[in-house]
file coords12.cif (mmCIF, C-alpha atoms and all ligand atoms)
data_final
loop_
_atom_site.label_atom_id
_atom_site.label_comp_id
_atom_site.auth_asym_id
_atom_site.auth_seq_id
_atom_site.Cartn_x
_atom_site.Cartn_y
_atom_site.Cartn_z
CA MET A 21 2.98 5.39 2.27
CA GLU A 22 6.60 4.92 1.36
CA ALA A 23 7.14 3.34 4.75
CA LEU A 24 4.17 1.09 4.11
CA GLU A 25 5.62 -0.18 0.86
CA ARG A 26 8.98 -0.74 2.51
CA ALA A 27 7.45 -2.59 5.43
CA VAL A 28 5.40 -4.81 3.20
CA THR A 29 8.09 -5.41 0.59
CA SER A 30 10.64 -6.62 3.10
CA HIS A 31 8.05 -9.15 4.21
CA VAL A 32 7.00 -10.24 0.73
CA GLU A 33 10.58 -10.69 -0.41
CA GLY A 34 10.92 -13.34 2.21
CA ARG A 35 13.31 -11.62 4.55
CA ARG A 36 11.66 -13.10 7.57
CA ASP A 37 13.30 -10.81 10.05
CA ILE A 38 10.73 -10.97 12.84
CA LEU A 39 11.15 -7.34 13.84
CA SER A 40 10.57 -6.20 10.26
CA LEU A 41 7.24 -7.97 9.87
CA PRO A 42 4.42 -5.61 8.88
CA VAL A 43 1.87 -4.63 11.51
CA LEU A 44 -1.37 -2.87 10.63
CA LEU A 45 -1.96 0.33 12.63
CA LEU A 46 -5.54 1.32 13.46
CA ASN A 47 -6.70 4.65 14.80
CA ARG A 48 -8.96 5.03 17.85
CA PHE A 49 -11.98 4.22 15.70
CA PHE A 50 -10.36 1.02 14.35
CA ALA A 51 -9.85 2.51 10.87
CA PRO A 52 -6.57 1.56 9.13
CA VAL A 53 -3.97 4.31 9.27
CA SER A 54 -0.78 2.73 8.07
CA VAL A 55 1.53 -0.24 8.27
CA THR A 56 4.56 -0.26 10.49
CA THR A 57 7.20 -2.78 11.49
CA ALA A 58 6.86 -5.22 14.35
CA ARG A 59 9.76 -3.39 15.99
CA ARG A 60 7.85 -0.11 16.17
CA ALA A 61 4.57 -1.81 17.03
CA LEU A 62 6.16 -3.52 20.01
CA VAL A 63 7.61 -0.21 21.21
CA LEU A 64 4.13 1.34 20.98
CA LEU A 65 2.54 -1.64 22.74
CA TYR A 66 5.14 -1.65 25.49
CA GLY A 67 4.81 2.11 25.92
CA GLY A 68 1.03 1.87 26.32
CA VAL A 69 0.36 3.91 23.18
CA GLY A 70 -1.45 1.03 21.53
CA HIS A 71 -3.10 -2.29 22.27
CA ALA A 72 -2.50 -5.48 20.31
CA VAL A 73 -5.55 -6.89 18.53
CA ASP A 74 -5.93 -10.67 18.23
CA THR A 75 -7.72 -12.80 15.63
CA ALA A 76 -11.01 -12.49 17.48
CA GLY A 77 -10.73 -8.69 17.56
CA ASP A 78 -10.03 -8.53 21.31
CA THR A 79 -7.49 -5.96 22.46
CA TYR A 80 -4.64 -6.44 24.92
CA ASP A 81 -2.17 -4.18 26.67
CA PHE A 82 1.41 -5.35 26.90
CA THR A 83 1.01 -6.99 30.30
CA LEU A 84 -1.85 -9.17 29.08
CA TRP A 85 -0.43 -9.74 25.62
CA ARG A 86 2.81 -11.18 26.94
CA THR A 87 0.87 -13.89 28.79
CA LEU A 88 -0.78 -15.18 25.59
CA PRO A 89 0.57 -18.51 24.37
CA VAL A 90 2.38 -18.62 21.04
CA ARG A 91 0.45 -20.68 18.49
CA VAL A 92 1.80 -22.49 15.43
CA ALA A 93 0.76 -19.72 13.01
CA ASP A 94 2.31 -16.96 15.13
CA ASP A 95 5.61 -15.23 14.74
CA ALA A 96 7.26 -14.91 18.10
CA LEU A 97 10.21 -13.27 19.77
CA PRO A 98 12.14 -14.99 22.52
CA ILE A 99 11.84 -13.10 25.79
CA VAL A 100 12.86 -13.83 29.35
CA GLY A 101 10.77 -16.77 30.53
CA GLY A 102 9.23 -17.66 27.17
CA ALA A 103 8.20 -16.13 23.88
CA LEU A 104 6.27 -13.03 22.89
CA ARG A 105 3.66 -13.26 20.16
CA VAL A 106 4.28 -10.61 17.48
CA PRO A 107 1.05 -8.66 17.03
CA ARG A 108 -0.38 -8.36 13.51
CA VAL A 109 -2.65 -5.42 14.33
CA LEU A 110 -2.13 -2.55 16.74
CA HIS A 111 -4.92 -0.26 17.94
CA LEU A 112 -3.64 3.26 18.63
CA LEU A 113 -5.62 4.41 21.66
CA ARG A 114 -5.30 8.16 21.31
CA TYR A 115 -4.88 8.66 17.59
CA ASP A 116 -8.14 9.89 16.10
CA ARG A 117 -7.17 11.12 12.64
CA THR A 118 -7.74 9.23 9.39
CA PRO A 119 -5.04 10.54 7.10
CA ARG A 120 -5.28 9.62 3.47
CA ALA A 121 -1.81 8.64 2.40
CA ALA A 122 -0.60 10.18 -0.86
CA VAL A 123 -0.31 7.62 -3.63
CA ARG A 124 3.25 7.34 -4.92
CA LEU A 125 3.85 8.09 -8.58
CA THR A 126 5.18 4.78 -9.90
CA ARG A 127 4.73 2.77 -13.07
CA ALA A 128 2.83 0.12 -11.13
CA ASN A 129 0.44 2.69 -9.66
CA LEU A 130 -0.09 4.31 -13.07
CA MET A 131 -1.02 0.87 -14.43
CA LEU A 132 -3.53 0.44 -11.60
CA ARG A 133 -4.98 3.92 -12.07
CA ASP A 134 -5.42 3.41 -15.82
CA GLU A 135 -6.52 -0.21 -15.31
CA TYR A 136 -3.91 -1.59 -17.72
CA GLN A 137 -5.73 0.13 -20.54
CA CYS A 138 -4.19 2.23 -23.33
CA GLN A 139 -5.53 5.71 -22.70
CA TYR A 140 -5.60 6.49 -26.42
CA CYS A 141 -7.09 3.44 -28.16
CA SER A 142 -8.64 1.81 -25.05
CA ARG A 143 -7.10 -1.60 -25.80
CA ARG A 144 -5.76 -3.85 -23.03
CA PRO A 145 -2.88 -5.68 -24.72
CA GLY A 146 -1.23 -6.95 -21.51
CA HIS A 147 1.24 -5.12 -19.33
CA ARG A 148 4.31 -6.02 -21.41
CA GLU A 149 2.87 -4.14 -24.37
CA LEU A 150 2.10 -1.05 -22.33
CA ASN A 151 4.27 2.01 -21.84
CA VAL A 152 4.12 5.10 -19.72
CA ASP A 153 3.47 8.03 -22.05
CA HIS A 154 4.22 11.70 -21.38
CA VAL A 155 1.12 13.55 -22.64
CA LEU A 156 3.23 16.67 -23.18
CA PRO A 157 6.48 15.01 -24.34
CA ARG A 158 9.49 15.23 -22.07
CA SER A 159 11.45 16.80 -24.94
CA ARG A 160 8.99 19.70 -24.80
CA GLY A 161 9.21 20.18 -21.07
CA GLY A 162 6.55 17.66 -20.02
CA GLU A 163 7.03 16.56 -16.44
CA ASP A 164 6.68 13.31 -14.57
CA SER A 165 3.38 13.92 -12.83
CA TRP A 166 0.01 12.27 -12.32
CA THR A 167 -1.55 14.75 -14.75
CA ASN A 168 1.08 14.33 -17.48
CA LEU A 169 1.61 10.56 -17.45
CA VAL A 170 -0.75 7.98 -18.90
CA ILE A 171 -0.57 4.33 -19.89
CA SER A 172 -0.44 3.76 -23.63
CA CYS A 173 0.14 0.77 -25.89
CA ARG A 174 3.30 0.60 -27.98
CA SER A 175 1.62 1.41 -31.26
CA CYS A 176 -0.12 4.50 -29.90
CA ASN A 177 3.14 5.52 -28.31
CA LEU A 178 4.94 5.22 -31.67
CA LYS A 179 2.18 6.95 -33.55
CA LYS A 180 2.14 9.87 -31.15
CA GLY A 181 5.91 10.29 -31.12
CA ARG A 182 7.06 13.67 -29.87
CA ARG A 183 3.74 15.33 -30.40
CA THR A 184 0.93 16.39 -28.12
CA PRO A 185 -2.34 14.45 -28.45
CA VAL A 186 -3.89 17.37 -30.31
CA GLU A 187 -1.03 17.55 -32.80
CA ALA A 188 -1.22 13.79 -33.32
CA GLY A 189 -5.00 13.84 -33.68
CA MET A 190 -5.34 11.50 -30.70
CA LYS A 191 -7.75 11.80 -27.83
CA LEU A 192 -7.29 10.72 -24.22
CA LEU A 193 -10.02 8.50 -22.76
CA CYS A 194 -10.14 10.75 -19.72
CA GLU A 195 -8.15 13.51 -18.13
CA PRO A 196 -5.34 12.01 -16.05
CA ARG A 197 -5.56 12.76 -12.31
CA ARG A 198 -3.87 11.89 -9.08
CA PRO A 199 -5.73 8.88 -7.68
CA ARG A 200 -7.44 9.26 -4.32
CA TRP A 201 -7.26 5.75 -2.99
CA SER A 202 -8.11 5.00 0.60
CA THR A 203 -5.38 3.81 2.91
CA ALA A 204 -7.06 0.39 3.05
CA LYS A 205 -7.08 0.12 -0.74
CA GLN A 206 -3.42 1.06 -0.93
CA ILE A 207 -2.50 -1.50 1.69
CA LEU A 208 -4.41 -4.19 -0.21
CA MET A 209 -2.72 -3.25 -3.47
CA VAL A 210 0.75 -3.55 -1.97
CA MET A 211 0.06 -6.65 0.09
CA ARG A 212 -2.05 -8.95 -2.04
CA GLU A 213 -2.53 -11.51 0.70
CA PRO A 214 -2.79 -9.62 3.94
CA PHE A 215 -2.71 -11.46 7.24
CA GLU A 216 -6.05 -12.91 8.27
CA GLU A 217 -6.09 -10.52 11.24
CA TRP A 218 -5.95 -7.52 8.89
CA GLN A 219 -8.90 -8.44 6.74
CA PRO A 220 -11.82 -7.23 8.87
CA PHE A 221 -10.20 -3.78 9.02
CA LEU A 222 -9.40 -3.48 5.31
CA LYS A 223 -12.76 -4.58 3.92
CA ALA A 224 -14.63 -1.34 4.42
CA GLY A 225 -11.91 0.68 2.66
ZN ZN A 301 -3.25 2.32 -27.86
#
call {"tool": "encode", "arguments": {"input": "coords12.cif", "output": "structure tokens"}}
result
Amino acid sequence: MEALERAVTSHVEGRRDILSLPVLLLNRFFAPVSVTTARRALVLLYGGVGHAVDTAGDTYDFTLWRTLPVRVADDALPIVGGALRVPRVLHLLRYDRTPRAAVRLTRANLMLRDEYQCQYCSRRPGHRELNVDHVLPRSRGGEDSWTNLVISCRSCNLKKGRRTPVEAGMKLLCEPRRPRWSTAKQILMVMREPFEEWQPFLKAG
């Protein structure tokens, strides 16, 4: 999923390098697998590994795809004799797995897992007032892990100090775990406004 975040971020940050645009990859059964760059998608399309999917959900091999006209909303690459529409979705013809990408341990993902809620007092004071708390303090050997990090408000964080919850007489709302988000959910969380062509494939996630 690291590649996914990279692919999407370069797009969101406005670096409109056509070959870096994100393309949604679908497995044989049209389930989302990952996001790649337009560069790699075009290599897969040209090599016959995948078919491009248009807005209507129709699929095209490279030979057909290159004959499609470029519309106003499209991104396109200049090619000999015209322009090539950059696909937004690529259907991988022989890939039948549905891997669940591991969720990266980041502050943003911890906030999403804990729903911006202090895991000690259950308040939601806004993300600026929230910290990442080591349940077993770092000074006592507590690691950075999904099971040892929780979101807490500043006052709970201060109150707890370098103690464990038990020592501080504080109770966690629930036991922290690694989230098991579907690939579609992760893609939607990274890319808030996915391309229109992606939406039918991300809904079911
Ligand atoms: Zn709190």
call {"tool": "residues_around", "arguments": {"input": "coords12.cif", "residues": "segment 92-100 of chain A", "least_positions_apart": "2", "cutoff": "12 Å", "atoms": "all atoms listed in the file", "output": "list of chain:residue names"}}
result
A:Arg36, A:Asp37, A:Ile38, A:Leu39, A:Ser40, A:Leu41, A:Pro42, A:Val43, A:Ala58, A:Arg59, A:Leu62, A:Asp74, A:Thr75, A:Trp85, A:Arg86, A:Thr87, A:Leu88, A:Pro89, A:Val90, A:Gly102, A:Ala103, A:Leu104, A:Arg105, A:Val106, A:Pro107, A:Arg108, A:Phe215, A:Glu216, A:Glu217
call {"tool": "write_last_selection", "arguments": {"input": "coords12.cif", "atoms": "C-alpha atoms", "output": "mmCIF file, keeping the file's coordinate frame"}}
result
data_model
loop_
_atom_site.group_PDB
_atom_site.id
_atom_site.type_symbol
_atom_site.label_atom_id
_atom_site.label_comp_id
_atom_site.auth_asym_id
_atom_site.auth_seq_id
_atom_site.Cartn_x
_atom_site.Cartn_y
_atom_site.Cartn_z
ATOM 1 C CA ARG A 36 11.660 -13.100 7.570
ATOM 2 C CA ASP A 37 13.300 -10.810 10.050
ATOM 3 C CA ILE A 38 10.730 -10.970 12.840
ATOM 4 C CA LEU A 39 11.150 -7.340 13.840
ATOM 5 C CA SER A 40 10.570 -6.200 10.260
ATOM 6 C CA LEU A 41 7.240 -7.970 9.870
ATOM 7 C CA PRO A 42 4.420 -5.610 8.880
ATOM 8 C CA VAL A 43 1.870 -4.630 11.510
ATOM 9 C CA ALA A 58 6.860 -5.220 14.350
ATOM 10 C CA ARG A 59 9.760 -3.390 15.990
ATOM 11 C CA LEU A 62 6.160 -3.520 20.010
ATOM 12 C CA ASP A 74 -5.930 -10.670 18.230
ATOM 13 C CA THR A 75 -7.720 -12.800 15.630
ATOM 14 C CA TRP A 85 -0.430 -9.740 25.620
ATOM 15 C CA ARG A 86 2.810 -11.180 26.940
ATOM 16 C CA THR A 87 0.870 -13.890 28.790
ATOM 17 C CA LEU A 88 -0.780 -15.180 25.590
ATOM 18 C CA PRO A 89 0.570 -18.510 24.370
ATOM 19 C CA VAL A 90 2.380 -18.620 21.040
ATOM 20 C CA GLY A 102 9.230 -17.660 27.170
ATOM 21 C CA ALA A 103 8.200 -16.130 23.880
ATOM 22 C CA LEU A 104 6.270 -13.030 22.890
ATOM 23 C CA ARG A 105 3.660 -13.260 20.160
ATOM 24 C CA VAL A 106 4.280 -10.610 17.480
ATOM 25 C CA PRO A 107 1.050 -8.660 17.030
ATOM 26 C CA ARG A 108 -0.380 -8.360 13.510
ATOM 27 C CA PHE A 215 -2.710 -11.460 7.240
ATOM 28 C CA GLU A 216 -6.050 -12.910 8.270
ATOM 29 C CA GLU A 217 -6.090 -10.520 11.240
#
call {"tool": "atom_distance", "arguments": {"input": "coords12.cif", "atom1": "atom CA of Met211 of chain A", "atom2": "atom CA of Thr56 of chain A"}}
result
13.0 Å
call {"tool": "atom_distance", "arguments": {"input": "coords12.cif", "atom1": "atom CA of Thr83 of chain A", "atom2": "atom CA of Arg114 of chain A"}}
result
18.7 Å
call {"tool": "residues_near_ligand", "arguments": {"input": "coords12.cif", "ligand": "ligand ZN 301 (chain A)", "cutoff": "12 Å", "atoms": "all atoms listed in the file", "output": "MDAnalysis selection string"}}
result
chainID A and resid 136:146 149:153 170:180 190:193
call {"tool": "atom_distance", "arguments": {"input": "coords12.cif", "atom1": "atom CA of Arg183 of chain A", "atom2": "atom CA of Arg158 of chain A"}}
result
10.1 Å
call {"tool": "axis_aligned_box", "arguments": {"input": "coords12.cif", "around": "segment 173-178 of chain A", "padding_each_side": "6 Å", "output": "lines of an AutoDock Vina configuration file"}}
result
center_x = 2.4
center_y = 3.1
center_z = -28.8
size_x = 17.1
size_y = 16.9
size_z = 17.8
call {"tool": "closest_residue", "arguments": {"input": "coords12.cif", "among": "A:Thr57, A:Ala122, A:Pro199, A:Leu112", "to": "Val73 of chain A", "atoms": "only C-alpha atoms"}}
result
A:Leu112
call {"tool": "closest_residue", "arguments": {"input": "coords12.cif", "among": "A:Asn47, A:Thr203, A:Ser159, A:Asn168", "to": "Val123 of chain A", "atoms": "all atoms listed in the file"}}
result
A:Thr203
call {"tool": "closest_residue", "arguments": {"input": "coords12.cif", "among": "A:Met131, A:Leu64, A:Ala76, A:Leu44", "to": "Trp218 of chain A", "atoms": "all atoms listed in the file"}}
result
A:Leu44
call {"tool": "closest_residue", "arguments": {"input": "coords12.cif", "among": "A:Ser165, A:Ser202, A:Thr79, A:Thr184", "to": "His111 of chain A", "atoms": "only C-alpha atoms"}}
result
A:Thr79
call {"tool": "closest_residue", "arguments": {"input": "coords12.cif", "among": "A:Ala121, A:Ala188, A:Val210, A:Ala128", "to": "Ser54 of chain A", "atoms": "all atoms listed in the file"}}
result
A:Ala121
call {"tool": "closest_residue", "arguments": {"input": "coords12.cif", "among": "A:Arg212, A:Arg127, A:His147, A:Arg182", "to": "Trp166 of chain A", "atoms": "only C-alpha atoms"}}
result
A:Arg127
